[in-house]
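Colleague: So here's structure28.pdb (PDB, C-alpha atoms).
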```
ATOM      1  CA  MET B   1     115.183 106.902  73.423
ATOM      2  CA  PHE B   2     116.101 103.718  71.581
ATOM      3  CA  ARG B   3     119.834 104.196  72.271
ATOM      4  CA  GLN B   4     119.079 104.205  76.020
ATOM      5  CA  VAL B   5     117.027 101.019  75.722
ATOM      6  CA  ALA B   6     119.806  99.307  73.746
ATOM      7  CA  SER B   7     122.490 100.205  76.280
ATOM      8  CA  ARG B   8     120.258  99.076  79.132
ATOM      9  CA  ILE B   9     119.742  95.718  77.423
ATOM     10  CA  LEU B  10     123.504  95.266  77.067
ATOM     11  CA  THR B  11     124.101  95.777  80.771
ATOM     12  CA  ARG B  12     120.897  94.044  81.966
ATOM     13  CA  PRO B  13     122.230  90.544  82.793
ATOM     14  CA  THR B  14     124.496  91.847  85.507
ATOM     15  CA  THR B  15     122.775  94.816  87.080
ATOM     16  CA  THR B  16     119.580  92.968  88.071
ATOM     17  CA  TYR B  17     121.302  91.143  90.913
ATOM     18  CA  SER B  18     124.183  93.023  92.404
ATOM     19  CA  ALA B  19     126.711  90.299  93.045
ATOM     20  CA  ALA B  20     129.886  92.329  93.493
ATOM     21  CA  ALA B  21     131.878  90.032  91.247
ATOM     22  CA  ALA B  22     129.392  90.300  88.378
ATOM     23  CA  ILE B  23     129.484  94.099  88.401
ATOM     24  CA  ARG B  24     133.238  94.136  88.061
ATOM     25  CA  ARG B  25     132.976  92.156  84.823
ATOM     26  CA  PRO B  26     130.109  93.925  83.111
ATOM     27  CA  PHE B  27     129.736  91.768  80.018
ATOM     28  CA  SER B  28     129.823  88.299  81.524
ATOM     29  CA  THR B  29     126.553  86.510  82.152
ATOM     30  CA  GLU B  30     128.073  83.963  84.529
ATOM     31  CA  VAL B  31     128.859  85.045  88.061
ATOM     32  CA  ALA B  32     132.644  84.982  88.565
ATOM     33  CA  ASP B  33     134.249  81.981  90.230
ATOM     34  CA  THR B  34     134.170  82.843  93.921
ATOM     35  CA  THR B  35     136.185  79.954  95.309
ATOM     36  CA  SER B  36     139.055  82.370  95.867
ATOM     37  CA  GLY B  37     136.819  84.484  98.096
ATOM     38  CA  ASP B  38     136.115  88.190  98.214
ATOM     39  CA  GLU B  39     139.288  89.747  96.884
ATOM     40  CA  ALA B  40     139.761  92.526  99.417
ATOM     41  CA  PHE B  41     139.280  90.143 102.318
ATOM     42  CA  VAL B  42     141.691  87.603 100.861
ATOM     43  CA  GLU B  43     144.385  90.249 100.301
ATOM     44  CA  ALA B  44     144.051  91.603 103.819
ATOM     45  CA  TRP B  45     144.183  88.073 105.200
ATOM     46  CA  LYS B  46     147.311  87.204 103.287
ATOM     47  CA  LYS B  47     149.085  90.263 104.648
ATOM     48  CA  VAL B  48     148.419  89.221 108.205
ATOM     49  CA  VAL B  49     148.448  85.417 107.968
ATOM     50  CA  PRO B  50     150.272  84.377 104.785
ATOM     51  CA  ASN B  51     150.650  80.706 105.639
ATOM     52  CA  ILE B  52     147.055  79.677 106.303
ATOM     53  CA  ASP B  53     144.356  79.582 103.600
ATOM     54  CA  PRO B  54     141.724  82.273 104.089
ATOM     55  CA  PRO B  55     138.460  80.951 105.555
ATOM     56  CA  LYS B  56     135.386  80.789 103.333
ATOM     57  CA  THR B  57     133.086  83.792 103.542
ATOM     58  CA  PRO B  58     129.290  83.430 103.573
ATOM     59  CA  SER B  59     128.946  84.475  99.929
ATOM     60  CA  GLN B  60     130.975  81.459  98.865
ATOM     61  CA  PHE B  61     128.436  79.124 100.408
ATOM     62  CA  MET B  62     125.667  80.674  98.386
ATOM     63  CA  HIS B  63     124.759  79.278  94.993
ATOM     64  CA  PRO B  64     125.109  81.982  92.363
ATOM     65  CA  ARG B  65     121.861  83.331  90.987
ATOM     66  CA  PRO B  66     120.829  81.245  87.944
ATOM     67  CA  PRO B  67     121.462  83.430  84.915
ATOM     68  CA  THR B  68     118.719  84.728  82.653
ATOM     69  CA  PRO B  69     118.854  82.531  79.549
ATOM     70  CA  SER B  70     118.920  84.241  76.163
ATOM     71  CA  THR B  71     116.278  81.947  74.615
ATOM     72  CA  LEU B  72     112.883  81.261  76.185
ATOM     73  CA  PRO B  73     113.202  78.294  78.551
ATOM     74  CA  THR B  74     110.726  75.448  78.121
ATOM     75  CA  LYS B  75     109.988  74.960  81.796
ATOM     76  CA  LEU B  76     109.281  77.166  84.746
ATOM     77  CA  THR B  77     111.279  76.414  87.915
ATOM     78  CA  VAL B  78     109.099  76.773  90.978
ATOM     79  CA  ASN B  79     110.090  77.152  94.610
ATOM     80  CA  PHE B  80     106.947  76.918  96.711
ATOM     81  CA  VAL B  81     107.711  77.514 100.374
ATOM     82  CA  LEU B  82     105.831  77.727 103.635
ATOM     83  CA  PRO B  83     107.208  79.055 106.905
ATOM     84  CA  TYR B  84     107.564  75.528 108.250
ATOM     85  CA  ALA B  85     108.280  73.465 105.123
ATOM     86  CA  SER B  86     109.424  73.639 101.557
ATOM     87  CA  GLU B  87     106.572  72.238  99.475
ATOM     88  CA  LEU B  88     108.294  72.384  96.080
ATOM     89  CA  SER B  89     111.962  73.099  95.664
ATOM     90  CA  GLN B  90     113.355  73.923  92.219
ATOM     91  CA  LYS B  91     110.619  71.883  90.569
ATOM     92  CA  GLU B  92     110.419  72.224  86.798
ATOM     93  CA  VAL B  93     106.826  72.624  85.683
ATOM     94  CA  ASP B  94     104.910  73.819  82.671
ATOM     95  CA  MET B  95     102.646  76.342  84.324
ATOM     96  CA  VAL B  96     101.500  77.605  87.706
ATOM     97  CA  ILE B  97      98.246  79.425  88.368
ATOM     98  CA  VAL B  98      98.360  81.626  91.458
ATOM     99  CA  PRO B  99      95.490  83.443  93.164
ATOM    100  CA  ALA B 100      96.754  87.018  92.951
ATOM    101  CA  THR B 101      94.718  89.873  94.451
ATOM    102  CA  THR B 102      94.102  91.005  90.875
ATOM    103  CA  GLY B 103      92.671  87.607  89.897
ATOM    104  CA  GLN B 104      93.927  84.147  88.956
ATOM    105  CA  MET B 105      97.316  84.659  87.295
ATOM    106  CA  GLY B 106      98.869  82.034  85.067
ATOM    107  CA  ILE B 107     102.647  81.918  85.085
ATOM    108  CA  LEU B 108     104.379  80.394  82.092
ATOM    109  CA  PRO B 109     108.119  80.198  81.365
ATOM    110  CA  GLY B 110     109.308  83.591  80.186
ATOM    111  CA  HIS B 111     106.723  85.493  82.210
ATOM    112  CA  VAL B 112     107.408  89.164  82.817
ATOM    113  CA  PRO B 113     109.164  89.665  86.190
ATOM    114  CA  THR B 114     106.377  90.359  88.647
ATOM    115  CA  ILE B 115     105.725  90.600  92.345
ATOM    116  CA  ALA B 116     102.178  89.605  93.115
ATOM    117  CA  GLU B 117     100.395  89.678  96.444
ATOM    118  CA  LEU B 118      98.219  86.586  96.822
ATOM    119  CA  LYS B 119      94.726  86.406  98.236
ATOM    120  CA  PRO B 120      93.135  83.322  99.817
ATOM    121  CA  GLY B 121      92.533  80.979  96.886
ATOM    122  CA  LEU B 122      93.615  78.023  94.822
ATOM    123  CA  LEU B 123      97.137  77.506  93.584
ATOM    124  CA  SER B 124      97.561  74.910  90.847
ATOM    125  CA  VAL B 125     100.800  73.484  89.575
ATOM    126  CA  HIS B 126     100.559  72.002  86.063
ATOM    127  CA  GLU B 127     103.191  69.499  85.047
ATOM    128  CA  GLY B 128     102.415  67.563  81.867
ATOM    129  CA  ASN B 129      99.000  66.103  82.569
ATOM    130  CA  ASP B 130      99.077  66.312  86.363
ATOM    131  CA  ILE B 131      97.649  69.229  88.200
ATOM    132  CA  LYS B 132      98.350  69.611  91.883
ATOM    133  CA  LYS B 133      96.083  71.985  93.721
ATOM    134  CA  TYR B 134      96.652  73.708  97.052
ATOM    135  CA  PHE B 135      94.544  76.187  98.933
ATOM    136  CA  ILE B 136      96.682  79.138 100.018
ATOM    137  CA  SER B 137      95.751  81.437 102.872
ATOM    138  CA  SER B 138      97.786  84.424 101.639
ATOM    139  CA  GLY B 139     101.316  85.186 100.539
ATOM    140  CA  PHE B 140     103.376  86.504  97.691
ATOM    141  CA  ALA B 141     104.605  85.291  94.325
ATOM    142  CA  PHE B 142     107.853  86.566  92.881
ATOM    143  CA  ILE B 143     108.526  85.840  89.230
ATOM    144  CA  HIS B 144     112.113  86.422  88.175
ATOM    145  CA  PRO B 145     113.416  87.167  84.692
ATOM    146  CA  ASN B 146     115.165  83.788  84.508
ATOM    147  CA  SER B 147     111.815  81.887  84.643
ATOM    148  CA  TYR B 148     112.105  81.093  88.319
ATOM    149  CA  ALA B 149     108.989  81.604  90.384
ATOM    150  CA  ASP B 150     109.138  81.855  94.158
ATOM    151  CA  ILE B 151     105.781  81.371  95.804
ATOM    152  CA  LEU B 152     105.615  82.084  99.497
ATOM    153  CA  ALA B 153     102.485  81.232 101.431
ATOM    154  CA  VAL B 154     101.686  81.241 105.106
ATOM    155  CA  GLU B 155      99.416  78.182 104.944
ATOM    156  CA  ALA B 156      98.911  75.902 101.981
ATOM    157  CA  VAL B 157      96.784  72.789 102.205
ATOM    158  CA  PRO B 158      95.843  70.228  99.572
ATOM    159  CA  LEU B 159      92.057  70.392  99.069
ATOM    160  CA  ASP B 160      91.402  66.892 100.379
ATOM    161  CA  ARG B 161      92.466  68.033 103.857
ATOM    162  CA  VAL B 162      89.737  70.649 104.075
ATOM    163  CA  ASP B 163      86.533  69.824 105.944
ATOM    164  CA  PRO B 164      83.535  71.147 103.921
ATOM    165  CA  ALA B 165      81.228  71.145 106.944
ATOM    166  CA  GLN B 166      83.568  73.439 108.872
ATOM    167  CA  VAL B 167      83.829  75.720 105.869
ATOM    168  CA  GLN B 168      80.066  76.049 105.600
ATOM    169  CA  LYS B 169      79.721  76.613 109.315
ATOM    170  CA  GLY B 170      82.461  79.249 109.252
ATOM    171  CA  LEU B 171      80.882  80.995 106.301
ATOM    172  CA  ASN B 172      77.500  81.224 108.029
ATOM    173  CA  GLU B 173      79.081  82.397 111.254
ATOM    174  CA  PHE B 174      81.078  85.157 109.619
ATOM    175  CA  THR B 175      78.262  86.313 107.367
ATOM    176  CA  GLN B 176      76.203  86.734 110.490
ATOM    177  CA  LYS B 177      79.058  88.546 112.269
ATOM    178  CA  LEU B 178      79.433  90.855 109.309
ATOM    179  CA  SER B 179      75.819  91.944 109.446
ATOM    180  CA  SER B 180      75.959  92.506 113.205
ATOM    181  CA  ALA B 181      79.397  94.169 113.321
ATOM    182  CA  THR B 182      79.631  97.695 114.676
ATOM    183  CA  THR B 183      83.244  98.918 114.830
ATOM    184  CA  ASP B 184      85.528  99.129 111.810
ATOM    185  CA  SER B 185      87.873  96.437 113.068
ATOM    186  CA  GLU B 186      85.001  94.015 113.775
ATOM    187  CA  LYS B 187      83.711  94.631 110.272
ATOM    188  CA  ALA B 188      87.172  94.040 108.818
ATOM    189  CA  GLU B 189      87.623  90.783 110.695
ATOM    190  CA  ALA B 190      84.193  89.558 109.706
ATOM    191  CA  GLN B 191      84.850  90.526 106.096
ATOM    192  CA  ILE B 192      88.133  88.616 106.139
ATOM    193  CA  GLY B 193      86.276  85.598 107.536
ATOM    194  CA  VAL B 194      83.674  85.800 104.804
ATOM    195  CA  ASP B 195      86.354  86.164 102.103
ATOM    196  CA  VAL B 196      88.425  83.220 103.292
ATOM    197  CA  HIS B 197      85.463  80.889 103.775
ATOM    198  CA  SER B 198      83.880  81.780 100.456
ATOM    199  CA  ALA B 199      87.206  81.222  98.705
ATOM    200  CA  LEU B 200      87.461  77.836 100.444
ATOM    201  CA  ASN B 201      83.909  76.997  99.440
ATOM    202  CA  PHE B 202      84.549  77.989  95.862
ATOM    203  CA  ALA B 203      87.727  75.943  95.769
ATOM    204  CA  LEU B 204      85.957  72.874  97.154
ATOM    205  CA  THR B 205      82.996  73.055  94.807
ATOM    206  CA  GLY B 206      84.718  74.498  91.689
TER     207      GLY B 206
ATOM    208  CA  MET L   1      99.750 113.966  92.801
ATOM    209  CA  ALA L   2      97.409 111.871  94.941
ATOM    210  CA  SER L   3      98.098 108.143  95.125
ATOM    211  CA  THR L   4      95.378 106.275  93.220
ATOM    212  CA  ALA L   5      96.032 102.815  94.677
ATOM    213  CA  ALA L   6      92.899 101.644  96.461
ATOM    214  CA  VAL L   7      93.652 100.827 100.083
ATOM    215  CA  PRO L   8      92.544  97.292 101.028
ATOM    216  CA  PHE L   9      89.581  97.260 103.454
ATOM    217  CA  TRP L  10      91.633  95.802 106.293
ATOM    218  CA  ARG L  11      94.224  98.524 106.060
ATOM    219  CA  SER L  12      91.630 101.262 106.149
ATOM    220  CA  ALA L  13      90.240  99.586 109.282
ATOM    221  CA  GLY L  14      93.653  99.935 110.929
ATOM    222  CA  MET L  15      94.919  96.367 110.469
ATOM    223  CA  THR L  16      98.440  95.617 109.262
ATOM    224  CA  TYR L  17      99.219  93.130 106.494
ATOM    225  CA  ILE L  18     100.810  90.732 108.905
ATOM    226  CA  SER L  19      97.718  90.612 111.161
ATOM    227  CA  TYR L  20      95.549  90.100 108.091
ATOM    228  CA  SER L  21      97.770  87.294 106.872
ATOM    229  CA  ASN L  22      97.814  85.604 110.285
ATOM    230  CA  ILE L  23      94.036  85.838 110.616
ATOM    231  CA  CYS L  24      93.603  84.237 107.162
ATOM    232  CA  ALA L  25      96.029  81.465 108.070
ATOM    233  CA  ASN L  26      94.220  80.768 111.362
ATOM    234  CA  LEU L  27      90.871  80.589 109.611
ATOM    235  CA  VAL L  28      92.234  78.132 107.050
ATOM    236  CA  ARG L  29      93.773  75.991 109.804
ATOM    237  CA  ASN L  30      90.447  75.854 111.618
ATOM    238  CA  CYS L  31      88.831  74.399 108.513
ATOM    239  CA  LEU L  32      91.126  71.405 108.257
ATOM    240  CA  LYS L  33      90.152  67.766 108.802
ATOM    241  CA  GLU L  34      91.100  66.142 112.032
ATOM    242  CA  PRO L  35      94.649  64.824 112.186
ATOM    243  CA  TYR L  36      95.909  67.741 110.087
ATOM    244  CA  LYS L  37      94.044  70.278 112.165
ATOM    245  CA  SER L  38      95.646  69.287 115.452
ATOM    246  CA  GLU L  39      99.074  69.061 113.810
ATOM    247  CA  ALA L  40      98.675  72.542 112.417
ATOM    248  CA  ILE L  41      97.478  73.974 115.701
ATOM    249  CA  ASN L  42     100.314  72.337 117.614
ATOM    250  CA  ARG L  43     102.823  73.619 115.132
ATOM    251  CA  GLU L  44     101.662  77.179 115.636
ATOM    252  CA  LYS L  45     101.726  77.215 119.434
ATOM    253  CA  VAL L  46     103.699  80.105 120.869
ATOM    254  CA  HIS L  47     105.250  80.606 124.278
ATOM    255  CA  PHE L  48     107.262  83.644 125.200
ATOM    256  CA  SER L  49     107.795  86.126 127.989
ATOM    257  CA  VAL L  50     108.676  89.763 127.361
ATOM    258  CA  SER L  51     109.745  92.243 129.981
ATOM    259  CA  LYS L  52     110.707  95.857 129.560
ATOM    260  CA  TRP L  53     113.768  97.088 131.421
ATOM    261  CA  VAL L  54     113.640 100.451 133.202
ATOM    262  CA  ASP L  55     116.647 101.909 135.065
ATOM    263  CA  GLY L  56     118.512  98.631 134.768
ATOM    264  CA  LYS L  57     115.694  96.600 136.337
ATOM    265  CA  PRO L  58     113.210  94.359 134.568
ATOM    266  CA  GLU L  59     109.541  95.188 135.011
ATOM    267  CA  LYS L  60     106.811  92.562 135.336
ATOM    268  CA  PRO L  61     106.969  90.317 132.263
ATOM    269  CA  THR L  62     104.064  89.775 129.891
ATOM    270  CA  ILE L  63     103.829  86.084 129.195
ATOM    271  CA  ARG L  64     102.121  84.810 126.064
ATOM    272  CA  SER L  65     101.548  81.119 126.136
ATOM    273  CA  ASP L  66      99.276  78.644 124.395
ATOM    274  CA  SER L  67     100.177  75.829 126.779
ATOM    275  CA  PRO L  68      98.475  75.667 130.178
ATOM    276  CA  GLU L  69     100.603  77.066 132.981
ATOM    277  CA  GLU L  70     101.701  74.368 135.404
TER     278      GLU L  70
END
```
Is it possible to give me this structure as structure tokens?
Modeller:
Amino acid sequence: MFRQVASRILTRPTTTYSAAAAIRRPFSTEVADTTSGDEAFVEAWKKVVPNIDPPKTPSQFMHPRPPTPSTLPTKLTVNFVLPYASELSQKEVDMVIVPATTGQMGILPGHVPTIAELKPGLLSVHEGNDIKKYFISSGFAFIHPNSYADILAVEAVPLDRVDPAQVQKGLNEFTQKLSSATTDSEKAEAQIGVDVHSALNFALTG
Amino acid sequence: MASTAAVPFWRSAGMTYISYSNICANLVRNCLKEPYKSEAINREKVHFSVSKWVDGKPEKPTIRSDSPEE
């Protein structure tokens, strides 16, 4: 059993992300220099058009995946994106607390790779002594082995943009809808309303 | 071997994740303070027309629009 684990550790840096170039050189942790382009394409090109340089292929425009460092990094790199904007891009922070469906999850550098579904709740980004808080409607958090965290949310608003009166009104309205709901889908919608508004309330008062 | 994962309440009520997520997002947008609320609502406006084609001819299109028809 331990021999299997050891051999898996040796090949781990390259098999996590299947960049074709990395697989061909199994013991390198850096992705191979791709400025020469995908080899098969370049060879075929040269046979047909030897005088012109081969055009760049899409993979050459992509930044190679940042490698998994061998020692624990000191900072977590966060990419926090929304469908219409990129809130934080490659920001180095000390810790992020995300509202996962299983509870508030703190992400530190070196966190175990995880995919977490997020529920409506507070996201806080801790950098030194500043804490930035956002209320997220729902989304996912992907934590990669190289201490990169990708947080995707559909809506994320800083708490000072939320109107407490609307939240209270919404909460009352949905609690009432929940008690008077008849069909399953009405109940589900009312329950979602109650969940979101109570999470908003909690975030505003907590 | 039965799956032990508890199904979320919205899924057992027949809702998909994407509808759930969109409903949550709409609720949050409705709770915003004024200038941000209208920006958010404007940003999410949708306008499209879909028509099915049968025997090489388009049928009557279904139009989904958040802007008033002129």
Colleague: Residue by residue, what does the PyMOL selection byres ((chain B and resi 96-99) around 8) grab here? Present the result as an MDAnalysis selection string.
Modeller: chainID B and resid 93:95 100:101 103:108 118:126 141
Colleague: If the PyMOL selection byres ((chain B) within 12 of (chain L)) is run on the structure shown, which residues does it catch, given as a PyMOL selection string?
Modeller: chain B and resi 82-85+101+117-121+134-140+152-171+174+183-201+204
Colleague: Using only C-alpha atoms, determine which residues lie at most 10 Å from Thr71 of chain B, disregarding the query and same-chain residues fewer than 3 positions distant; provide the list as a list in words.
Modeller: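 Here the qualifying residues turn out to be Thr68, Thr74 and Gly110 of chain B.
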Colleague: In Å, how far is it from atom CA of His63 of chain B to atom CA of Tyr148 of chain B?
Modeller: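 Answer for the atom CA of His63 of chain B to atom CA of Tyr148 of chain B separation: 14.4 Å.
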Colleague: Would you compute the box with edges along x, y and z of the file around segment 30-39 of chain L, including every atom the file lists for it and 3 Å extra on each side, and give its centre and edge lengths in Å to one decimal, as JSON?
Modeller:
```
{"center_x": 94.0, "center_y": 70.3, "center_z": 111.9, "size_x": 16.2, "size_y": 17.0, "size_z": 13.2}
```
Colleague: Distance atom CA of Ala149 of chain B-atom CA of Gln90 of chain B, one decimal place?
Modeller: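 Between these atoms lies a distance of 9.0 Å.
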Colleague: Can you list, as an NGL selection string, every protein, DNA or RNA residue that comes within 9 Å of segment 59-64 of chain L when you count all atoms listed in the file, leaving out same-chain residues fewer than 2 positions away?
Modeller: :L and (46-54 or 57 or 66)
Colleague: Give me the residues within 9 Å of Trp45 of chain B as a count of residues only, counting only C-alpha atoms and dropping any in the same chain fewer than 6 places off.
Modeller: 3
